[in-house]
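K.L.:
upload-v6.pdb (PDB, C-alpha atoms and all ligand atoms) pasted underneath:
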```pdb
MODEL        1
ATOM      1  CA  MET A   1      -9.048   6.410  25.934
ATOM      2  CA  THR A   2     -12.644   7.021  26.952
ATOM      3  CA  ASN A   3     -14.791   5.844  29.840
ATOM      4  CA  LEU A   4     -12.027   5.575  32.416
ATOM      5  CA  THR A   5     -13.376   4.971  35.907
ATOM      6  CA  LEU A   6     -11.421   7.522  37.899
ATOM      7  CA  PRO A   7     -10.486   6.858  41.520
ATOM      8  CA  THR A   8     -11.994   9.141  44.170
ATOM      9  CA  PHE A   9     -11.041  10.404  47.632
ATOM     10  CA  ALA A  10     -12.648   7.252  49.071
ATOM     11  CA  ASP A  11      -9.864   5.299  47.328
ATOM     12  CA  VAL A  12      -7.281   7.576  48.969
ATOM     13  CA  GLU A  13      -8.866   6.867  52.360
ATOM     14  CA  ALA A  14      -8.765   3.117  51.683
ATOM     15  CA  ALA A  15      -5.101   3.455  50.669
ATOM     16  CA  ALA A  16      -4.353   5.300  53.923
ATOM     17  CA  ALA A  17      -5.814   2.397  55.901
ATOM     18  CA  ARG A  18      -3.640  -0.112  53.982
ATOM     19  CA  LEU A  19      -0.518   2.009  54.491
ATOM     20  CA  SER A  20      -1.103   2.477  58.203
ATOM     21  CA  GLY A  21       1.723   0.813  60.137
ATOM     22  CA  PHE A  22       3.825   0.392  56.975
ATOM     23  CA  ALA A  23       4.451   3.889  55.580
ATOM     24  CA  ASN A  24       5.963   6.654  57.681
ATOM     25  CA  ARG A  25       3.634   9.501  58.579
ATOM     26  CA  THR A  26       6.246  12.009  57.399
ATOM     27  CA  PRO A  27       6.930  15.255  59.278
ATOM     28  CA  VAL A  28       5.655  18.713  58.297
ATOM     29  CA  ASN A  29       8.603  21.097  58.653
ATOM     30  CA  THR A  30       8.703  24.904  58.578
ATOM     31  CA  SER A  31      11.352  27.621  58.228
ATOM     32  CA  ARG A  32      11.007  31.112  59.733
ATOM     33  CA  THR A  33      13.620  32.358  57.292
ATOM     34  CA  LEU A  34      11.575  31.160  54.348
ATOM     35  CA  ASN A  35       8.344  32.540  55.801
ATOM     36  CA  GLU A  36      10.051  35.933  55.918
ATOM     37  CA  ILE A  37      11.405  35.645  52.382
ATOM     38  CA  ILE A  38       8.013  34.728  50.910
ATOM     39  CA  GLY A  39       5.891  36.738  53.362
ATOM     40  CA  ALA A  40       3.681  33.685  53.886
ATOM     41  CA  GLU A  41       3.269  30.745  56.260
ATOM     42  CA  VAL A  42       4.808  27.722  54.489
ATOM     43  CA  PHE A  43       4.407  24.052  55.453
ATOM     44  CA  PHE A  44       6.698  21.432  53.894
ATOM     45  CA  LYS A  45       5.426  17.845  53.700
ATOM     46  CA  CYS A  46       8.716  15.935  53.875
ATOM     47  CA  GLU A  47       8.504  12.741  51.797
ATOM     48  CA  ASN A  48      12.303  12.744  51.696
ATOM     49  CA  PHE A  49      11.791  11.073  55.100
ATOM     50  CA  GLN A  50       9.447   8.398  53.673
ATOM     51  CA  ARG A  51      10.618   4.761  53.583
ATOM     52  CA  MET A  52      13.100   4.279  50.702
ATOM     53  CA  GLY A  53      13.394   8.047  50.522
ATOM     54  CA  ALA A  54      10.399   9.111  48.423
ATOM     55  CA  PHE A  55       6.582   9.099  48.266
ATOM     56  CA  LYS A  56       6.665   6.308  45.630
ATOM     57  CA  PHE A  57       6.491   3.733  48.436
ATOM     58  CA  ARG A  58       2.882   4.781  49.088
ATOM     59  CA  GLY A  59       1.478   4.041  45.626
ATOM     60  CA  ALA A  60       3.522   0.872  45.214
ATOM     61  CA  PHE A  61       2.499  -0.561  48.573
ATOM     62  CA  ASN A  62      -1.161   0.287  48.010
ATOM     63  CA  ALA A  63      -1.194  -1.388  44.583
ATOM     64  CA  LEU A  64       0.589  -4.542  45.768
ATOM     65  CA  SER A  65      -1.666  -4.808  48.844
ATOM     66  CA  LYS A  66      -4.628  -5.285  46.512
ATOM     67  CA  PHE A  67      -3.172  -8.311  44.669
ATOM     68  CA  SER A  68      -5.154 -11.556  44.783
ATOM     69  CA  PRO A  69      -3.459 -14.626  46.340
ATOM     70  CA  GLU A  70      -2.552 -15.889  42.829
ATOM     71  CA  GLN A  71      -1.049 -12.537  41.864
ATOM     72  CA  ARG A  72       0.979 -12.496  45.085
ATOM     73  CA  ARG A  73       2.339 -15.961  44.448
ATOM     74  CA  ALA A  74       3.551 -15.067  40.944
ATOM     75  CA  GLY A  75       4.769 -11.604  41.947
ATOM     76  CA  VAL A  76       5.143  -8.146  40.447
ATOM     77  CA  VAL A  77       7.172  -6.682  37.586
ATOM     78  CA  ALA A  78       8.069  -3.021  37.093
ATOM     79  CA  PHE A  79      10.409  -1.107  34.821
ATOM     80  CA  SER A  80      12.205   1.819  36.367
ATOM     81  CA  SER A  81      15.690   2.912  37.263
ATOM     82  CA  GLY A  82      14.439   5.309  39.894
ATOM     83  CA  ASN A  83      12.306   5.605  42.985
ATOM     84  CA  HIS A  84       9.424   3.486  41.627
ATOM     85  CA  ALA A  85      11.783   0.480  41.408
ATOM     86  CA  GLN A  86      12.746   0.813  45.045
ATOM     87  CA  GLY A  87       9.149   1.435  46.124
ATOM     88  CA  ILE A  88       8.002  -1.747  44.374
ATOM     89  CA  ALA A  89      10.968  -3.794  45.641
ATOM     90  CA  LEU A  90      10.475  -2.741  49.267
ATOM     91  CA  SER A  91       6.693  -3.212  49.123
ATOM     92  CA  ALA A  92       7.073  -6.693  47.625
ATOM     93  CA  LYS A  93       9.521  -7.631  50.358
ATOM     94  CA  LEU A  94       7.164  -6.415  53.099
ATOM     95  CA  LEU A  95       4.246  -8.299  51.533
ATOM     96  CA  GLY A  96       6.320 -11.457  50.963
ATOM     97  CA  MET A  97       6.057 -11.624  47.175
ATOM     98  CA  PRO A  98       8.695 -11.871  44.434
ATOM     99  CA  ALA A  99       9.576  -8.728  42.466
ATOM    100  CA  THR A 100      11.309  -8.355  39.101
ATOM    101  CA  ILE A 101      12.618  -4.931  38.123
ATOM    102  CA  VAL A 102      13.627  -4.150  34.536
ATOM    103  CA  MET A 103      16.458  -1.580  34.578
ATOM    104  CA  PRO A 104      18.792  -0.168  31.932
ATOM    105  CA  HIS A 105      22.334  -1.671  31.758
ATOM    106  CA  ASP A 106      23.807   1.690  32.697
ATOM    107  CA  ALA A 107      21.544   2.399  35.726
ATOM    108  CA  PRO A 108      23.534   3.890  38.640
ATOM    109  CA  ALA A 109      25.206   1.118  40.651
ATOM    110  CA  ALA A 110      23.791   2.530  43.895
ATOM    111  CA  LYS A 111      20.221   2.201  42.613
ATOM    112  CA  VAL A 112      20.763  -1.341  41.325
ATOM    113  CA  ALA A 113      22.309  -2.292  44.677
ATOM    114  CA  ALA A 114      19.436  -0.724  46.657
ATOM    115  CA  THR A 115      16.843  -2.576  44.558
ATOM    116  CA  LYS A 116      18.680  -5.904  44.905
ATOM    117  CA  GLY A 117      19.121  -5.188  48.611
ATOM    118  CA  TYR A 118      15.326  -5.354  48.976
ATOM    119  CA  GLY A 119      15.470  -8.844  47.469
ATOM    120  CA  ALA A 120      14.214  -7.998  43.960
ATOM    121  CA  THR A 121      15.489  -9.708  40.809
ATOM    122  CA  VAL A 122      17.001  -7.114  38.467
ATOM    123  CA  VAL A 123      16.747  -7.754  34.709
ATOM    124  CA  HIS A 124      18.916  -5.473  32.573
ATOM    125  CA  TYR A 125      18.168  -4.175  29.103
ATOM    126  CA  ASP A 126      20.005  -1.973  26.659
ATOM    127  CA  ARG A 127      18.216   1.370  26.634
ATOM    128  CA  TYR A 128      19.465   2.172  23.123
ATOM    129  CA  THR A 129      18.484  -1.050  21.362
ATOM    130  CA  GLU A 130      15.761  -2.711  23.449
ATOM    131  CA  ASP A 131      12.193  -1.761  24.383
ATOM    132  CA  ARG A 132      11.706  -2.060  28.134
ATOM    133  CA  GLU A 133       7.926  -2.172  27.907
ATOM    134  CA  ALA A 134       8.127  -5.135  25.537
ATOM    135  CA  ILE A 135      10.537  -6.876  27.926
ATOM    136  CA  GLY A 136       8.258  -6.174  30.881
ATOM    137  CA  ARG A 137       5.202  -7.467  29.020
ATOM    138  CA  LYS A 138       7.054 -10.612  27.907
ATOM    139  CA  LEU A 139       8.123 -11.352  31.488
ATOM    140  CA  ALA A 140       4.603 -10.685  32.720
ATOM    141  CA  GLN A 141       3.139 -13.120  30.205
ATOM    142  CA  ALA A 142       5.764 -15.855  30.521
ATOM    143  CA  GLN A 143       5.760 -15.893  34.332
ATOM    144  CA  GLY A 144       2.257 -14.634  35.153
ATOM    145  CA  LEU A 145       3.625 -11.472  36.781
ATOM    146  CA  THR A 146       1.479  -8.377  37.339
ATOM    147  CA  LEU A 147       2.911  -5.210  35.840
ATOM    148  CA  ILE A 148       2.610  -2.098  38.002
ATOM    149  CA  PRO A 149       3.369   1.165  36.161
ATOM    150  CA  PRO A 150       4.941   4.139  37.975
ATOM    151  CA  TYR A 151       2.001   6.546  37.750
ATOM    152  CA  ASP A 152      -0.860   5.705  35.375
ATOM    153  CA  HIS A 153      -2.731   3.276  37.634
ATOM    154  CA  PRO A 154      -5.722   3.980  39.937
ATOM    155  CA  ASP A 155      -4.176   2.206  42.969
ATOM    156  CA  VAL A 156      -0.822   3.919  42.503
ATOM    157  CA  LEU A 157      -2.254   7.435  42.318
ATOM    158  CA  ALA A 158      -4.687   6.765  45.197
ATOM    159  CA  GLY A 159      -1.677   5.767  47.328
ATOM    160  CA  GLN A 160       0.172   8.964  46.377
ATOM    161  CA  GLY A 161      -2.921  10.926  47.462
ATOM    162  CA  THR A 162      -2.233  10.005  51.085
ATOM    163  CA  VAL A 163       0.625  12.558  51.161
ATOM    164  CA  ALA A 164      -1.732  15.557  50.889
ATOM    165  CA  LYS A 165      -4.364  13.847  53.027
ATOM    166  CA  GLU A 166      -1.884  13.718  55.906
ATOM    167  CA  LEU A 167      -0.784  17.306  55.286
ATOM    168  CA  PHE A 168      -4.332  18.722  55.462
ATOM    169  CA  GLU A 169      -5.128  16.584  58.512
ATOM    170  CA  GLU A 170      -2.100  18.036  60.268
ATOM    171  CA  VAL A 171      -2.215  21.735  59.310
ATOM    172  CA  GLY A 172      -5.813  22.287  58.196
ATOM    173  CA  PRO A 173      -6.914  23.995  54.976
ATOM    174  CA  LEU A 174      -4.323  25.875  52.884
ATOM    175  CA  ASP A 175      -4.638  28.720  50.374
ATOM    176  CA  ALA A 176      -2.151  27.181  47.937
ATOM    177  CA  LEU A 177      -0.377  23.844  47.495
ATOM    178  CA  PHE A 178       2.582  22.978  45.226
ATOM    179  CA  ALA A 179       3.476  19.414  44.151
ATOM    180  CA  PRO A 180       6.162  18.150  41.725
ATOM    181  CA  LEU A 181       4.871  16.725  38.429
ATOM    182  CA  GLY A 182       6.347  13.916  36.338
ATOM    183  CA  GLY A 183       3.783  11.476  34.969
ATOM    184  CA  GLY A 184       1.166  12.855  37.350
ATOM    185  CA  GLY A 185       0.620  10.127  39.962
ATOM    186  CA  LEU A 186       1.574  12.435  42.824
ATOM    187  CA  LEU A 187      -0.312  15.457  41.470
ATOM    188  CA  SER A 188      -3.523  13.594  40.608
ATOM    189  CA  GLY A 189      -3.594  11.876  44.023
ATOM    190  CA  THR A 190      -2.887  15.233  45.662
ATOM    191  CA  ALA A 191      -5.791  16.691  43.694
ATOM    192  CA  LEU A 192      -8.241  14.095  45.034
ATOM    193  CA  SER A 193      -7.274  14.914  48.627
ATOM    194  CA  THR A 194      -7.231  18.663  48.017
ATOM    195  CA  ARG A 195     -10.695  18.832  46.477
ATOM    196  CA  ALA A 196     -12.065  16.709  49.370
ATOM    197  CA  LEU A 197     -10.305  18.395  52.297
ATOM    198  CA  ALA A 198      -9.567  21.963  51.153
ATOM    199  CA  PRO A 199     -11.770  22.645  48.128
ATOM    200  CA  ALA A 200     -10.814  26.341  47.853
ATOM    201  CA  CYS A 201      -7.046  25.655  47.875
ATOM    202  CA  GLN A 202      -5.200  26.678  44.696
ATOM    203  CA  LEU A 203      -3.369  23.555  43.511
ATOM    204  CA  TYR A 204      -0.240  23.860  41.346
ATOM    205  CA  GLY A 205       1.772  21.142  39.627
ATOM    206  CA  VAL A 206       5.442  22.000  39.046
ATOM    207  CA  GLU A 207       7.553  20.646  36.179
ATOM    208  CA  PRO A 208      11.136  21.179  35.057
ATOM    209  CA  GLU A 209      11.138  23.952  32.454
ATOM    210  CA  ALA A 210      12.967  21.715  29.957
ATOM    211  CA  GLY A 211      10.148  19.153  30.132
ATOM    212  CA  ASN A 212       6.886  21.108  30.304
ATOM    213  CA  ASP A 213       4.725  18.517  28.516
ATOM    214  CA  GLY A 214       2.276  18.617  31.430
ATOM    215  CA  GLN A 215       1.874  22.386  31.134
ATOM    216  CA  GLN A 216       1.363  22.067  27.370
ATOM    217  CA  SER A 217      -1.163  19.274  27.938
ATOM    218  CA  PHE A 218      -3.036  21.239  30.610
ATOM    219  CA  ARG A 219      -3.291  24.304  28.375
ATOM    220  CA  SER A 220      -4.243  22.422  25.183
ATOM    221  CA  GLY A 221      -6.589  19.888  26.813
ATOM    222  CA  GLU A 222      -4.812  16.929  25.124
ATOM    223  CA  ILE A 223      -1.894  14.779  26.327
ATOM    224  CA  VAL A 224       1.237  16.217  24.673
ATOM    225  CA  HIS A 225       4.253  13.934  24.081
ATOM    226  CA  ILE A 226       7.817  15.295  24.124
ATOM    227  CA  ASP A 227      11.323  13.773  23.864
ATOM    228  CA  THR A 228      12.840  12.738  27.212
ATOM    229  CA  PRO A 229      13.856  16.146  28.610
ATOM    230  CA  ARG A 230      17.372  17.043  29.716
ATOM    231  CA  THR A 231      17.119  18.200  33.334
ATOM    232  CA  ILE A 232      18.663  17.406  36.721
ATOM    233  CA  ALA A 233      15.105  16.604  37.930
ATOM    234  CA  ASP A 234      15.379  12.911  36.993
ATOM    235  CA  GLY A 235      12.148  11.991  38.821
ATOM    236  CA  ALA A 236      10.217  14.223  36.411
ATOM    237  CA  GLN A 237      11.901  13.214  33.128
ATOM    238  CA  THR A 238       8.661  11.749  31.829
ATOM    239  CA  PRO A 239       7.774  12.334  28.164
ATOM    240  CA  HIS A 240       3.983  12.456  28.756
ATOM    241  CA  LEU A 241       1.209  12.300  31.375
ATOM    242  CA  GLY A 242      -0.970   9.209  31.875
ATOM    243  CA  HIS A 243      -4.618   8.818  30.913
ATOM    244  CA  TYR A 244      -5.888   8.481  34.485
ATOM    245  CA  THR A 245      -3.564  11.141  35.823
ATOM    246  CA  PHE A 246      -4.362  13.673  33.094
ATOM    247  CA  ALA A 247      -8.135  13.248  33.460
ATOM    248  CA  ILE A 248      -7.900  14.163  37.153
ATOM    249  CA  ILE A 249      -5.311  16.922  36.653
ATOM    250  CA  LYS A 250      -7.428  18.540  33.918
ATOM    251  CA  ARG A 251     -10.475  18.518  36.193
ATOM    252  CA  ASP A 252      -8.978  19.432  39.577
ATOM    253  CA  VAL A 253      -5.676  21.326  39.211
ATOM    254  CA  ASP A 254      -5.551  25.137  38.967
ATOM    255  CA  ASP A 255      -2.351  25.503  36.944
ATOM    256  CA  ILE A 256       0.955  23.919  35.991
ATOM    257  CA  VAL A 257       4.096  26.021  36.361
ATOM    258  CA  THR A 258       7.803  25.335  35.775
ATOM    259  CA  ALA A 259      11.215  25.781  37.397
ATOM    260  CA  THR A 260      14.692  25.854  35.822
ATOM    261  CA  ASP A 261      17.582  23.598  36.839
ATOM    262  CA  ALA A 262      19.394  26.649  38.268
ATOM    263  CA  GLU A 263      16.366  27.399  40.475
ATOM    264  CA  LEU A 264      16.319  23.773  41.645
ATOM    265  CA  VAL A 265      19.968  24.025  42.686
ATOM    266  CA  GLU A 266      19.212  27.204  44.686
ATOM    267  CA  ALA A 267      16.389  25.347  46.443
ATOM    268  CA  MET A 268      18.699  22.378  47.179
ATOM    269  CA  LYS A 269      21.160  24.775  48.803
ATOM    270  CA  PHE A 270      18.383  26.383  50.857
ATOM    271  CA  PHE A 271      17.142  23.020  52.152
ATOM    272  CA  ALA A 272      20.679  21.893  53.026
ATOM    273  CA  THR A 273      21.867  25.059  54.736
ATOM    274  CA  ARG A 274      18.702  26.424  56.382
ATOM    275  CA  MET A 275      16.651  23.276  57.020
ATOM    276  CA  LYS A 276      19.417  20.632  57.266
ATOM    277  CA  MET A 277      17.752  18.405  54.666
ATOM    278  CA  ILE A 278      19.148  16.657  51.599
ATOM    279  CA  VAL A 279      16.478  16.917  48.905
ATOM    280  CA  GLU A 280      16.857  15.483  45.391
ATOM    281  CA  PRO A 281      16.449  17.952  42.485
ATOM    282  CA  THR A 282      12.914  16.778  41.617
ATOM    283  CA  GLY A 283      11.896  17.252  45.255
ATOM    284  CA  CYS A 284      12.851  20.938  44.975
ATOM    285  CA  LEU A 285      10.334  21.822  42.251
ATOM    286  CA  GLY A 286       7.661  23.037  44.704
ATOM    287  CA  LEU A 287       9.904  25.443  46.608
ATOM    288  CA  ALA A 288      11.392  26.811  43.370
ATOM    289  CA  ALA A 289       7.901  27.533  42.019
ATOM    290  CA  ALA A 290       6.689  29.121  45.260
ATOM    291  CA  LEU A 291       9.704  31.465  45.237
ATOM    292  CA  ASN A 292       8.905  32.422  41.627
ATOM    293  CA  MET A 293       5.292  33.189  42.597
ATOM    294  CA  LYS A 294       5.974  34.816  45.956
ATOM    295  CA  ASP A 295       4.186  38.091  45.187
ATOM    296  CA  ALA A 296       0.931  36.171  44.736
ATOM    297  CA  LEU A 297       1.428  34.241  47.994
ATOM    298  CA  LYS A 298       1.802  37.167  50.444
ATOM    299  CA  GLY A 299      -0.053  36.587  53.720
ATOM    300  CA  LYS A 300      -1.232  33.118  52.661
ATOM    301  CA  ARG A 301      -0.946  29.632  54.112
ATOM    302  CA  VAL A 302       1.055  27.588  51.607
ATOM    303  CA  GLY A 303       1.841  23.869  51.398
ATOM    304  CA  ILE A 304       4.836  22.452  49.505
ATOM    305  CA  VAL A 305       5.371  18.735  48.889
ATOM    306  CA  ILE A 306       9.042  17.679  49.063
ATOM    307  CA  SER A 307       8.711  14.484  47.038
ATOM    308  CA  GLY A 308      12.029  12.738  47.725
ATOM    309  CA  GLY A 309      15.616  12.847  48.911
ATOM    310  CA  ASN A 310      17.426  10.189  46.868
ATOM    311  CA  ILE A 311      20.590  11.569  45.308
ATOM    312  CA  ASP A 312      24.183  10.268  45.235
ATOM    313  CA  LEU A 313      26.339  12.253  47.622
ATOM    314  CA  GLU A 314      28.854  12.919  44.807
ATOM    315  CA  GLN A 315      26.152  14.365  42.566
ATOM    316  CA  PHE A 316      24.718  16.412  45.434
ATOM    317  CA  CYS A 317      28.135  17.904  46.187
ATOM    318  CA  ALA A 318      28.809  18.617  42.503
ATOM    319  CA  LEU A 319      25.467  20.423  42.090
ATOM    320  CA  VAL A 320      25.603  22.571  45.231
ATOM    321  CA  SER A 321      29.267  23.543  44.799
ATOM    322  CA  ALA A 322      29.167  24.447  41.095
TER     323      ALA A 322
HETATM  324  C1  LIG A 401       8.360   9.960  40.659
HETATM  325  C2  LIG A 401       8.769  11.212  41.326
HETATM  326  C3  LIG A 401       8.139  12.444  41.049
HETATM  327  C4  LIG A 401       7.054  12.585  40.002
HETATM  328  O1  LIG A 401       5.932  11.825  40.334
HETATM  329  P1  LIG A 401       4.801  11.465  39.258
HETATM  330  O2  LIG A 401       3.815  10.673  39.997
HETATM  331  O3  LIG A 401       5.474  10.698  38.144
HETATM  332  O4  LIG A 401       4.276  12.755  38.737
HETATM  333  C5  LIG A 401       8.521  13.556  41.769
HETATM  334  N1  LIG A 401       9.513  13.491  42.699
HETATM  335  C6  LIG A 401      10.153  12.336  42.980
HETATM  336  C7  LIG A 401      11.208  12.358  44.016
HETATM  337  C8  LIG A 401       9.796  11.160  42.311
HETATM  338  O5  LIG A 401      10.447  10.010  42.590
ENDMDL
END
```
Is it possible to give me this structure as C-alpha cells?

P.N.:
Amino acid sequence: MTNLTLPTFADVEAAAARLSGFANRTPVNTSRTLNEIIGAEVFFKCENFQRMGAFKFRGAFNALSKFSPEQRRAGVVAFSSGNHAQGIALSAKLLGMPATIVMPHDAPAAKVAATKGYGATVVHYDRYTEDREAIGRKLAQAQGLTLIPPYDHPDVLAGQGTVAKELFEEVGPLDALFAPLGGGGLLSGTALSTRALAPACQLYGVEPEAGNDGQQSFRSGEIVHIDTPRTIADGAQTPHLGHYTFAIIKRDVDDIVTATDAELVEAMKFFATRMKMIVEPTGCLGLAAALNMKDALKGKRVGIVISGGNIDLEQFCALVSA
C-alpha cells in the first residue's frame, strides 16, 4: 500500500474532544517498591480502569462518533472475540446505533455475554472452517453496515493516542515510555502523542516473545506475517501489523522489545500484590519489558501503559498460583 494519508496529533486532539465526557480519564498510579527495584520514577497509565476494562473503548468510540447519519442508522460491524468487540458494542450503545459482532463459536461465554449485555447482535462462525472477514464483509454489504477493524484505521489509532496524551498532560515529559503491541493501534497512537508532547522520549513497543512479528517488521522495514502465536497475552495474538500502524511505528518508535509468558505472570503477581490491581496478561507487557531493561532506566522518568484488565477470575487464579 502506498500513499496512505497518516493521521497526526491534531487527529488525537480531535479524538480527545469527542471522548470527553464519555471515556474515563484513567488514573496514573505509582509504586515506591517498584521505583526502588528499577531505580527510576515510574508512572503507570491505568487503562484497566477504562470503561469496559481496556483502552479499546477510545478508538471504537472515536471511530463511531464520526459516522454519517446514514451510517449510524445502518450500524457497525466488527469481528473480534476480545476487547475490540466490547469497545464497539459499548460505543454503539452510547451513540444509539445497532452493532453486529462476529465471534467464533467457541468464544468464552463471559465475553459473549458482555457483548450481548451492551445490546449488540452476536453472529457466530466456525473458526476452523469459516473466514470471519468474508462473513463480516458479506454482512456489511447485505445490510449496509460499516466495518470497523480493531487497529488498522486512522480514527481507531487516533482514539488510542489519547491514552499517552493524557499521561503527558498529567506527569509532563518522560525519558522512556513502554506500550503493549498487538496490531499497533495503541502503539501508533501513542507515537503521535509522544512525538508531539515529549519529542525526546524513548518510545518502546512490547510484544509477547512467541509473537514478535512487530519486532521482525521493525527491524526488516517490511510487514512480517507469522502464524497466530501461542501466548497468554491474548490481546497481542495478532499475526501482523497494519499498514497505517506500521507506517507510524516505523517512523516514530525507537525500538520493539519482547517479554515471555513467565515474565508476564510475574508482572501480574506484582500488580495484584503490591498495587492491588488485576491486570490481564497483555496489559503486563510494559512492566515486564521495563524490568528487563532496568539497567538502562536508572534515574529516569518512565511511563508504562497498562492496556487492560479483562481476564476471567478462574484464569487469573490459575496463572498466578501455578
Ligand atoms: C488490543 C489490545 C492490545 C494491543 O493493541 P493493538 O492496538 O492491537 O496493538 C494490548 N492490550 C490489550 C488489553 C488489548 O485489548

K.L.:
Grab the CA of Lys56 in chain A to CA of Ala247 in chain A distance for me, in Å with one decimal place.

P.N.:
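CA of Ala247 in chain A lies at a distance of 20.4 Å from CA of Lys56 in chain A.
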
K.L.:
Per residue of chain A within 7 Å of ligand LIG 401 (chain A), note the shortest atom pair and the distance in Å to one decimal, counting all atoms listed in the file, and order the rows by chain and increasing residue number, as JSON lines.

P.N.:
```
{"residue": "A:Ala54", "atom": "CA", "partner": "A:LIG401", "partner_atom": "C7", "distance": 5.5}
{"residue": "A:Phe55", "atom": "CA", "partner": "A:LIG401", "partner_atom": "O5", "distance": 6.9}
{"residue": "A:Lys56", "atom": "CA", "partner": "A:LIG401", "partner_atom": "O5", "distance": 6.1}
{"residue": "A:Gly82", "atom": "CA", "partner": "A:LIG401", "partner_atom": "O5", "distance": 6.7}
{"residue": "A:Asn83", "atom": "CA", "partner": "A:LIG401", "partner_atom": "O5", "distance": 4.8}
{"residue": "A:His84", "atom": "CA", "partner": "A:LIG401", "partner_atom": "C1", "distance": 6.6}
{"residue": "A:Pro150", "atom": "CA", "partner": "A:LIG401", "partner_atom": "O3", "distance": 6.6}
{"residue": "A:Tyr151", "atom": "CA", "partner": "A:LIG401", "partner_atom": "O2", "distance": 5.0}
{"residue": "A:Pro180", "atom": "CA", "partner": "A:LIG401", "partner_atom": "C5", "distance": 5.2}
{"residue": "A:Leu181", "atom": "CA", "partner": "A:LIG401", "partner_atom": "O4", "distance": 4.0}
{"residue": "A:Gly182", "atom": "CA", "partner": "A:LIG401", "partner_atom": "O4", "distance": 3.4}
{"residue": "A:Gly183", "atom": "CA", "partner": "A:LIG401", "partner_atom": "O3", "distance": 3.7}
{"residue": "A:Gly184", "atom": "CA", "partner": "A:LIG401", "partner_atom": "O4", "distance": 3.4}
{"residue": "A:Gly185", "atom": "CA", "partner": "A:LIG401", "partner_atom": "O2", "distance": 3.2}
{"residue": "A:Leu186", "atom": "CA", "partner": "A:LIG401", "partner_atom": "O2", "distance": 4.0}
{"residue": "A:Leu187", "atom": "CA", "partner": "A:LIG401", "partner_atom": "O4", "distance": 6.0}
{"residue": "A:Gly235", "atom": "CA", "partner": "A:LIG401", "partner_atom": "C2", "distance": 4.3}
{"residue": "A:Ala236", "atom": "CA", "partner": "A:LIG401", "partner_atom": "C4", "distance": 5.1}
{"residue": "A:Glu280", "atom": "CA", "partner": "A:LIG401", "partner_atom": "C7", "distance": 6.6}
{"residue": "A:Thr282", "atom": "CA", "partner": "A:LIG401", "partner_atom": "N1", "distance": 4.9}
{"residue": "A:Gly283", "atom": "CA", "partner": "A:LIG401", "partner_atom": "C7", "distance": 5.1}
{"residue": "A:Ser307", "atom": "CA", "partner": "A:LIG401", "partner_atom": "C7", "distance": 4.5}
{"residue": "A:Gly308", "atom": "CA", "partner": "A:LIG401", "partner_atom": "C7", "distance": 3.8}
{"residue": "A:Gly309", "atom": "CA", "partner": "A:LIG401", "partner_atom": "C7", "distance": 6.6}
```

K.L.:
May I have the selected residues written with C-alpha atoms, as a PDB file, keeping the file's coordinate frame?

P.N.:
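The file below, out_16.pdb, is the result:
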```pdb
ATOM      1  CA  ALA A  54      10.399   9.111  48.423  1.00  0.00           C
ATOM      2  CA  PHE A  55       6.582   9.099  48.266  1.00  0.00           C
ATOM      3  CA  LYS A  56       6.665   6.308  45.630  1.00  0.00           C
ATOM      4  CA  GLY A  82      14.439   5.309  39.894  1.00  0.00           C
ATOM      5  CA  ASN A  83      12.306   5.605  42.985  1.00  0.00           C
ATOM      6  CA  HIS A  84       9.424   3.486  41.627  1.00  0.00           C
ATOM      7  CA  PRO A 150       4.941   4.139  37.975  1.00  0.00           C
ATOM      8  CA  TYR A 151       2.001   6.546  37.750  1.00  0.00           C
ATOM      9  CA  PRO A 180       6.162  18.150  41.725  1.00  0.00           C
ATOM     10  CA  LEU A 181       4.871  16.725  38.429  1.00  0.00           C
ATOM     11  CA  GLY A 182       6.347  13.916  36.338  1.00  0.00           C
ATOM     12  CA  GLY A 183       3.783  11.476  34.969  1.00  0.00           C
ATOM     13  CA  GLY A 184       1.166  12.855  37.350  1.00  0.00           C
ATOM     14  CA  GLY A 185       0.620  10.127  39.962  1.00  0.00           C
ATOM     15  CA  LEU A 186       1.574  12.435  42.824  1.00  0.00           C
ATOM     16  CA  LEU A 187      -0.312  15.457  41.470  1.00  0.00           C
ATOM     17  CA  GLY A 235      12.148  11.991  38.821  1.00  0.00           C
ATOM     18  CA  ALA A 236      10.217  14.223  36.411  1.00  0.00           C
ATOM     19  CA  GLU A 280      16.857  15.483  45.391  1.00  0.00           C
ATOM     20  CA  THR A 282      12.914  16.778  41.617  1.00  0.00           C
ATOM     21  CA  GLY A 283      11.896  17.252  45.255  1.00  0.00           C
ATOM     22  CA  SER A 307       8.711  14.484  47.038  1.00  0.00           C
ATOM     23  CA  GLY A 308      12.029  12.738  47.725  1.00  0.00           C
ATOM     24  CA  GLY A 309      15.616  12.847  48.911  1.00  0.00           C
TER      25      GLY A 309
END
```

K.L.:
Of the candidates A:Asn3, A:Ala78, A:Cys284, A:Pro199, which shows the shortest atom-to-atom distance to Ala134 in chain A, using only C-alpha atoms?

P.N.:
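For Ala134 in chain A, the nearest of the candidates is A:Ala78.
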
K.L.:
Please write the residues picked by the PyMOL selection byres (((chain A and resi 143) around 12) and not hetatm) on this file as a PyMOL selection string.

P.N.:
chain A and resi 70-71+73-77+98-100+136-142+144-147

K.L.:
In terms of the shortest atom-to-atom distance over all atoms listed in the file, which of A:Asp252, A:Ala120, A:Thr273, A:Ile38 is closest to Lys300 in chain A?

P.N.:
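Of the candidates, the smallest distance to Lys300 in chain A is held by A:Ile38.
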
K.L.:
For this structure, which residues satisfy the selection - the PyMOL selection byres (((chain A and resi 46) around 9) and not hetatm) - when it is evaluated on the file as given? I want them as a PyMOL selection string.

P.N.:
chain A and resi 26-29+44-45+47-50+54+304-308

K.L.:
Go through the shown structure with the PyMOL selection byres (((chain A and resi 30) around 9) and not hetatm) and write out the matching residues as a PyMOL selection string.

P.N.:
chain A and resi 28-29+31-32+34-35+41-44+275

K.L.:
What gap, in Å, lies between CA of Ala288 in chain A and CA of Ile232 in chain A?

P.N.:
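For CA of Ala288 in chain A relative to CA of Ile232 in chain A, the distance reads 13.6 Å.
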
K.L.:
Rounded to one decimal place, report the CA of Glu209 in chain A-CA of Asp155 in chain A distance in Å.

P.N.:
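Computed distance, CA of Glu209 in chain A to CA of Asp155 in chain A, equals 28.6 Å.
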
K.L.:
Find the residue from A:Val163, A:Val253, A:Leu94, A:Ala200 that sits nearest to Gly21 in chain A; use only C-alpha atoms when measuring.

P.N.:
A:Leu94
